[in-house]
Amino acid sequence: MLALITGASSGIGYDMANYLASLGYDLIVVARREERLKDLKYKLNNINVTIIELDLSIKENCYALYEKTRGYDIDLFINNAGFGLFGEFENTNLETELEMIDLNVKAPTILTKLYLNDFLTKNKGHILNVCSMASFTIGPLMSVYYSTKSYLFKFSMAISEELRRNKSKVKISALCPGPIKTEFSEVAKVKFTIKEQSSKVVAKIGIDKTLKGKKIIIPSFKMKLGVFFQRFVSFNVLAKIGYKFQKKKGC
């Protein structure tokens with residue numbers, strides 16, 4: 001069994017790599033920080049680990065990753081690489097936001113297209129797109145990040161329905177966690193006001209439910225309740241609630 005994970009140098013991606021190794025998967029791990037990938041490979045010396053240093057916010061590198069790995073018989077592909085940015089849109093850095101769109105939206109779109117076609121040829125395989133609870137609501141002060149995750153979630157669900165109607169054995173899942181103890185908050189420059197989940201727990205739940213073919217994975221009962229009650233609230237109210245929530249976590 002073989003899994004490919006983007007953004008594997010830290011956070012959920014790192015913990016997914018560790019958990020998959022415990023299940024006996026060999027790994028292809030991708031990230032910008034080669035030294036961290038080397039540390040991961042050294043730690044996981046009981047399995048075969050291939051490390052690939054690439055910045056997937058660069059479109060050409062997405063195609064390069066596929067070319068480097070197209071000869072492998074991959075069973076599970078995980079689009080995990082991504083980041084966020086906090087602040088009022090008028091004040092945030094546009095180039096950083098464009099890079100975010102490239103990494104959070106363009107990269108998983110390209111990679112899903114490429115690897116999905118291979119999986120369809122074999123009529124097997126799982127794709128896991130790491131989304132967020134941000135997928136379900138409106139996020140003032142993190143407007144671009146929330147929008148990218150909303151795109152990725154709806155993109156995943158649309159493809160899932162296409163696969164279902166075609167009776168394909170290929171499955172695509174969307175992992176939608178709430179706040180997690182990772183480096184994300186440092187990069188996005190936020191501090192969370194609600195209890196963060198363990199990255200290891202979220203990684204395990206995400207992998208287990210993906211392998212069972214679950215489409216939408218929300219690894220928290222409280223977050224599931226939040227998604228349920230949002231359907232009874234207008235967009236205007238969601239935006240007001242979102243602003244108050246986001247304002248509290250600005251560093």
# chains A, B, ... in the order shown; residues from 1 in each chain; ligands from 1
>>> closest_atom_pairs(of="region 69-144 of chain A", to="region 159-174 of chain A", cutoff="6 Å", atoms="only C-alpha atoms", output="tab-separated table")
residue	atom	partner	partner_atom	distance
A:Asn123	CA	A:Lys169	CA	5.5
A:Lys124	CA	A:Val170	CA	4.7
A:Gly125	CA	A:Val170	CA	5.0
A:His126	CA	A:Lys171	CA	4.9
A:Ile127	CA	A:Ile172	CA	4.6
A:Leu128	CA	A:Ser173	CA	4.8
A:Asn129	CA	A:Ala174	CA	5.0
A:Val130	CA	A:Ala174	CA	5.9
>>> write_last_selection(atoms="all heavy atoms", output="mmCIF file, in the first residue's frame")
data_model
loop_
_atom_site.group_PDB
_atom_site.id
_atom_site.type_symbol
_atom_site.label_atom_id
_atom_site.label_comp_id
_atom_site.auth_asym_id
_atom_site.auth_seq_id
_atom_site.Cartn_x
_atom_site.Cartn_y
_atom_site.Cartn_z
ATOM 1 N N ASN A 123 -9.729 1.923 -11.464
ATOM 2 C CA ASN A 123 -11.010 1.804 -10.775
ATOM 3 C C ASN A 123 -10.821 1.488 -9.296
ATOM 4 O O ASN A 123 -11.562 0.695 -8.710
ATOM 5 C CB ASN A 123 -11.913 0.745 -11.411
ATOM 6 C CG ASN A 123 -13.376 0.907 -10.965
ATOM 7 O OD1 ASN A 123 -13.822 1.999 -10.619
ATOM 8 N ND2 ASN A 123 -14.111 -0.199 -10.957
ATOM 9 N N LYS A 124 -9.863 2.176 -8.689
ATOM 10 C CA LYS A 124 -9.656 2.067 -7.245
ATOM 11 C C LYS A 124 -8.818 3.243 -6.781
ATOM 12 O O LYS A 124 -8.132 3.888 -7.574
ATOM 13 C CB LYS A 124 -8.963 0.759 -6.874
ATOM 14 C CG LYS A 124 -7.530 0.641 -7.374
ATOM 15 C CD LYS A 124 -6.850 -0.619 -6.826
ATOM 16 C CE LYS A 124 -5.377 -0.647 -7.238
ATOM 17 N NZ LYS A 124 -4.663 -1.801 -6.640
ATOM 18 N N GLY A 125 -8.886 3.513 -5.483
ATOM 19 C CA GLY A 125 -8.077 4.578 -4.905
ATOM 20 C C GLY A 125 -8.914 5.570 -4.122
ATOM 21 O O GLY A 125 -10.132 5.682 -4.323
ATOM 22 N N HIS A 126 -8.251 6.256 -3.201
ATOM 23 C CA HIS A 126 -8.903 7.263 -2.366
ATOM 24 C C HIS A 126 -8.167 8.595 -2.501
ATOM 25 O O HIS A 126 -6.932 8.630 -2.505
ATOM 26 C CB HIS A 126 -8.881 6.850 -0.896
ATOM 27 C CG HIS A 126 -9.700 5.636 -0.593
ATOM 28 N ND1 HIS A 126 -11.025 5.697 -0.241
ATOM 29 C CD2 HIS A 126 -9.375 4.321 -0.599
ATOM 30 C CE1 HIS A 126 -11.490 4.480 -0.026
ATOM 31 N NE2 HIS A 126 -10.510 3.626 -0.235
ATOM 32 N N ILE A 127 -8.927 9.675 -2.572
ATOM 33 C CA ILE A 127 -8.372 11.030 -2.523
ATOM 34 C C ILE A 127 -8.964 11.721 -1.298
ATOM 35 O O ILE A 127 -10.180 11.713 -1.107
ATOM 36 C CB ILE A 127 -8.699 11.827 -3.791
ATOM 37 C CG1 ILE A 127 -8.036 11.189 -5.012
ATOM 38 C CG2 ILE A 127 -8.246 13.283 -3.642
ATOM 39 C CD1 ILE A 127 -8.422 11.833 -6.331
ATOM 40 N N LEU A 128 -8.099 12.301 -0.490
ATOM 41 C CA LEU A 128 -8.535 13.061 0.691
ATOM 42 C C LEU A 128 -8.093 14.507 0.531
ATOM 43 O O LEU A 128 -6.892 14.793 0.449
ATOM 44 C CB LEU A 128 -7.935 12.472 1.967
ATOM 45 C CG LEU A 128 -8.161 13.276 3.262
ATOM 46 C CD1 LEU A 128 -9.641 13.490 3.527
ATOM 47 C CD2 LEU A 128 -7.489 12.601 4.444
ATOM 48 N N ASN A 129 -9.060 15.411 0.463
ATOM 49 C CA ASN A 129 -8.769 16.839 0.427
ATOM 50 C C ASN A 129 -8.982 17.416 1.824
ATOM 51 O O ASN A 129 -10.078 17.309 2.384
ATOM 52 C CB ASN A 129 -9.666 17.552 -0.582
ATOM 53 C CG ASN A 129 -9.266 17.243 -2.017
ATOM 54 O OD1 ASN A 129 -8.098 16.987 -2.299
ATOM 55 N ND2 ASN A 129 -10.224 17.257 -2.925
ATOM 56 N N VAL A 130 -7.936 18.018 2.383
ATOM 57 C CA VAL A 130 -8.034 18.594 3.720
ATOM 58 C C VAL A 130 -8.635 19.989 3.606
ATOM 59 O O VAL A 130 -8.001 20.920 3.119
ATOM 60 C CB VAL A 130 -6.660 18.634 4.415
ATOM 61 C CG1 VAL A 130 -6.787 19.280 5.794
ATOM 62 C CG2 VAL A 130 -6.090 17.214 4.550
#
>>> residues_around(residues="Pro108 (chain A)", least_positions_apart="6", cutoff="10 Å", atoms="only C-alpha atoms", output="list in words")
Thr6, Leu56, Ser57, Cys62, Ile78, Asn79, Asn80, Ala81, Gly82, Asp102, Leu114, Asn129, Val130, Leu152, Phe155 and Ser156 of chain A
>>> atom_distance(atom1="CA of Ala31 (chain A)", atom2="CA of Tyr14 (chain A)")
10.2 Å
>>> closest_residue(among="A:Thr109, A:Ser9, A:Ser150, A:Thr69", to="Ser135 (chain A)", atoms="only C-alpha atoms")
A:Ser150
>>> residues_around(residues="region 195-202 of chain A", least_positions_apart="3", cutoff="6 Å", atoms="only C-alpha atoms", output="list in words")
Ile12, Asp15, Pro179, Ile180, Lys181, Ile205 and Gly206 of chain A
>>> atom_distance(atom1="CA of Glu34 (chain A)", atom2="CA of Glu53 (chain A)")
5.5 Å
>>> select_by_dssp(residues="region 115-217 of chain A", states="helix (DSSP H, G or I)", output="MDAnalysis selection string")
chainID A and resid 115:122 133:136 143:165 184:188 199:211
>>> write_last_selection(atoms="N, CA and C atoms", output="compact mmCIF listing (two decimals), in the first residue's frame")
# COMPACT_ATOMS: atom_id res chain seq x y z
N TYR A 115 -4.25 12.81 -10.61
CA TYR A 115 -4.25 11.52 -9.93
C TYR A 115 -5.61 10.82 -10.03
N LEU A 116 -6.69 11.59 -10.10
CA LEU A 116 -8.00 10.98 -10.25
C LEU A 116 -8.08 10.18 -11.54
N ASN A 117 -7.55 10.71 -12.62
CA ASN A 117 -7.58 9.99 -13.89
C ASN A 117 -6.84 8.66 -13.81
N ASP A 118 -5.73 8.64 -13.09
CA ASP A 118 -5.00 7.39 -12.88
C ASP A 118 -5.83 6.41 -12.06
N PHE A 119 -6.47 6.92 -11.00
CA PHE A 119 -7.30 6.07 -10.16
C PHE A 119 -8.49 5.50 -10.95
N LEU A 120 -9.07 6.32 -11.83
CA LEU A 120 -10.20 5.86 -12.63
C LEU A 120 -9.78 4.74 -13.58
N THR A 121 -8.59 4.84 -14.11
CA THR A 121 -8.08 3.79 -14.98
C THR A 121 -7.99 2.45 -14.24
N LYS A 122 -7.56 2.53 -12.95
CA LYS A 122 -7.46 1.33 -12.12
C LYS A 122 -8.79 0.96 -11.48
N MET A 133 -13.49 23.61 8.78
CA MET A 133 -14.82 24.09 9.16
C MET A 133 -15.12 25.42 8.47
N ALA A 134 -14.07 26.12 8.05
CA ALA A 134 -14.25 27.36 7.30
C ALA A 134 -15.02 27.13 6.01
N SER A 135 -15.06 25.87 5.55
CA SER A 135 -15.77 25.54 4.32
C SER A 135 -17.25 25.86 4.40
N PHE A 136 -17.82 25.87 5.60
CA PHE A 136 -19.26 25.93 5.77
C PHE A 136 -19.80 27.31 6.11
N SER A 143 -10.91 36.37 4.92
CA SER A 143 -11.84 36.21 3.80
C SER A 143 -11.31 35.30 2.70
N VAL A 144 -10.05 35.44 2.35
CA VAL A 144 -9.51 34.64 1.25
C VAL A 144 -9.35 33.19 1.68
N TYR A 145 -8.85 32.98 2.90
CA TYR A 145 -8.67 31.60 3.39
C TYR A 145 -10.00 30.86 3.44
N TYR A 146 -11.03 31.47 4.03
CA TYR A 146 -12.34 30.82 4.12
C TYR A 146 -12.87 30.50 2.72
N SER A 147 -12.66 31.40 1.79
CA SER A 147 -13.15 31.19 0.44
C SER A 147 -12.44 30.04 -0.25
N THR A 148 -11.13 29.92 -0.01
CA THR A 148 -10.39 28.81 -0.63
C THR A 148 -10.88 27.47 -0.10
N LYS A 149 -11.17 27.41 1.19
CA LYS A 149 -11.62 26.14 1.77
C LYS A 149 -13.06 25.81 1.36
N SER A 150 -13.87 26.84 1.16
CA SER A 150 -15.22 26.61 0.65
C SER A 150 -15.16 26.03 -0.75
N TYR A 151 -14.26 26.56 -1.56
CA TYR A 151 -14.06 26.03 -2.92
C TYR A 151 -13.66 24.56 -2.86
N LEU A 152 -12.66 24.25 -2.04
CA LEU A 152 -12.13 22.89 -2.01
C LEU A 152 -13.19 21.89 -1.55
N PHE A 153 -14.01 22.29 -0.58
CA PHE A 153 -15.06 21.40 -0.10
C PHE A 153 -16.10 21.13 -1.19
N LYS A 154 -16.61 22.18 -1.81
CA LYS A 154 -17.65 22.01 -2.83
C LYS A 154 -17.10 21.28 -4.05
N PHE A 155 -15.87 21.55 -4.39
CA PHE A 155 -15.17 20.85 -5.47
C PHE A 155 -15.13 19.34 -5.18
N SER A 156 -14.77 18.98 -3.95
CA SER A 156 -14.68 17.57 -3.57
C SER A 156 -16.05 16.89 -3.61
N MET A 157 -17.08 17.58 -3.10
CA MET A 157 -18.41 16.99 -3.07
C MET A 157 -18.98 16.82 -4.48
N ALA A 158 -18.70 17.74 -5.36
CA ALA A 158 -19.18 17.63 -6.74
C ALA A 158 -18.56 16.42 -7.43
N ILE A 159 -17.26 16.25 -7.27
CA ILE A 159 -16.59 15.10 -7.88
C ILE A 159 -17.09 13.80 -7.27
N SER A 160 -17.32 13.80 -5.97
CA SER A 160 -17.82 12.61 -5.30
C SER A 160 -19.15 12.15 -5.90
N GLU A 161 -20.03 13.11 -6.20
CA GLU A 161 -21.32 12.76 -6.80
C GLU A 161 -21.14 12.22 -8.21
N GLU A 162 -20.21 12.81 -8.96
CA GLU A 162 -19.93 12.29 -10.30
C GLU A 162 -19.45 10.84 -10.23
N LEU A 163 -18.57 10.55 -9.28
CA LEU A 163 -18.05 9.19 -9.12
C LEU A 163 -19.17 8.23 -8.72
N ARG A 164 -20.04 8.68 -7.82
CA ARG A 164 -21.14 7.83 -7.36
C ARG A 164 -22.06 7.47 -8.52
N ARG A 165 -22.41 8.46 -9.33
CA ARG A 165 -23.33 8.21 -10.45
C ARG A 165 -22.70 7.31 -11.51
N PHE A 184 -0.27 26.22 11.92
CA PHE A 184 -1.18 27.06 11.13
C PHE A 184 -1.39 28.41 11.77
N SER A 185 -1.63 28.42 13.10
CA SER A 185 -1.94 29.68 13.78
C SER A 185 -0.77 30.66 13.72
N GLU A 186 0.45 30.13 13.73
CA GLU A 186 1.63 31.00 13.64
C GLU A 186 1.73 31.64 12.27
N VAL A 187 1.49 30.84 11.23
CA VAL A 187 1.57 31.35 9.86
C VAL A 187 0.45 32.34 9.59
N ALA A 188 -0.77 32.00 10.04
CA ALA A 188 -1.92 32.87 9.80
C ALA A 188 -1.96 34.07 10.74
N SER A 199 -3.80 17.31 16.70
CA SER A 199 -3.54 17.01 15.29
C SER A 199 -3.48 15.50 15.05
N LYS A 200 -2.94 14.77 16.01
CA LYS A 200 -2.85 13.31 15.86
C LYS A 200 -4.23 12.67 15.81
N VAL A 201 -5.12 13.16 16.66
CA VAL A 201 -6.49 12.61 16.68
C VAL A 201 -7.19 12.91 15.37
N VAL A 202 -7.09 14.14 14.89
CA VAL A 202 -7.73 14.53 13.64
C VAL A 202 -7.16 13.73 12.47
N ALA A 203 -5.85 13.54 12.46
CA ALA A 203 -5.20 12.76 11.40
C ALA A 203 -5.74 11.34 11.36
N LYS A 204 -5.84 10.72 12.53
CA LYS A 204 -6.33 9.33 12.61
C LYS A 204 -7.78 9.22 12.14
N ILE A 205 -8.63 10.12 12.63
CA ILE A 205 -10.03 10.10 12.22
C ILE A 205 -10.15 10.32 10.72
N GLY A 206 -9.38 11.28 10.21
CA GLY A 206 -9.42 11.59 8.78
C GLY A 206 -9.05 10.40 7.92
N ILE A 207 -7.96 9.73 8.29
CA ILE A 207 -7.50 8.57 7.52
C ILE A 207 -8.51 7.42 7.63
N ASP A 208 -8.92 7.09 8.83
CA ASP A 208 -9.82 5.96 9.05
C ASP A 208 -11.12 6.12 8.26
N LYS A 209 -11.71 7.29 8.32
CA LYS A 209 -13.00 7.51 7.64
C LYS A 209 -12.82 7.61 6.13
N THR A 210 -11.69 8.14 5.68
CA THR A 210 -11.41 8.16 4.24
C THR A 210 -11.34 6.75 3.69
N LEU A 211 -10.62 5.88 4.38
CA LEU A 211 -10.47 4.50 3.91
C LEU A 211 -11.79 3.73 3.95
>>> atom_distance(atom1="CA of Asp73 (chain A)", atom2="CA of Leu23 (chain A)")
17.1 Å
>>> residues_around(residues="Leu2 (chain A)", least_positions_apart="4", cutoff="6 Å", atoms="only C-alpha atoms", output="mmCIF file with N, CA and C atoms, in the first residue's frame")
data_model
loop_
_atom_site.group_PDB
_atom_site.id
_atom_site.type_symbol
_atom_site.label_atom_id
_atom_site.label_comp_id
_atom_site.auth_asym_id
_atom_site.auth_seq_id
_atom_site.Cartn_x
_atom_site.Cartn_y
_atom_site.Cartn_z
ATOM 1 N N TYR A 25 1.580 1.425 5.473
ATOM 2 C CA TYR A 25 1.707 2.116 4.186
ATOM 3 C C TYR A 25 3.137 2.585 3.950
ATOM 4 N N ASP A 26 3.624 2.425 2.729
ATOM 5 C CA ASP A 26 4.801 3.158 2.290
ATOM 6 C C ASP A 26 4.339 4.564 1.900
ATOM 7 N N LEU A 27 5.272 5.511 1.878
ATOM 8 C CA LEU A 27 4.879 6.907 1.728
ATOM 9 C C LEU A 27 5.692 7.655 0.679
ATOM 10 N N ILE A 74 -0.130 4.298 -6.525
ATOM 11 C CA ILE A 74 -0.596 5.019 -5.340
ATOM 12 C C ILE A 74 -2.023 4.611 -5.000
ATOM 13 N N ASP A 75 -2.260 4.309 -3.728
ATOM 14 C CA ASP A 75 -3.589 3.912 -3.259
ATOM 15 C C ASP A 75 -4.359 5.075 -2.640
#
>>> select_by_dssp(residues="region 7-215 of chain A", states="strand (DSSP E)", output="PyMOL selection string")
chain A and resi 26-31+49-53+76-79+126-130+171-175
>>> closest_residue(among="A:Leu37, A:Ile52, A:Leu141, A:Leu85", to="Ala17 (chain A)", atoms="only C-alpha atoms")
A:Leu37
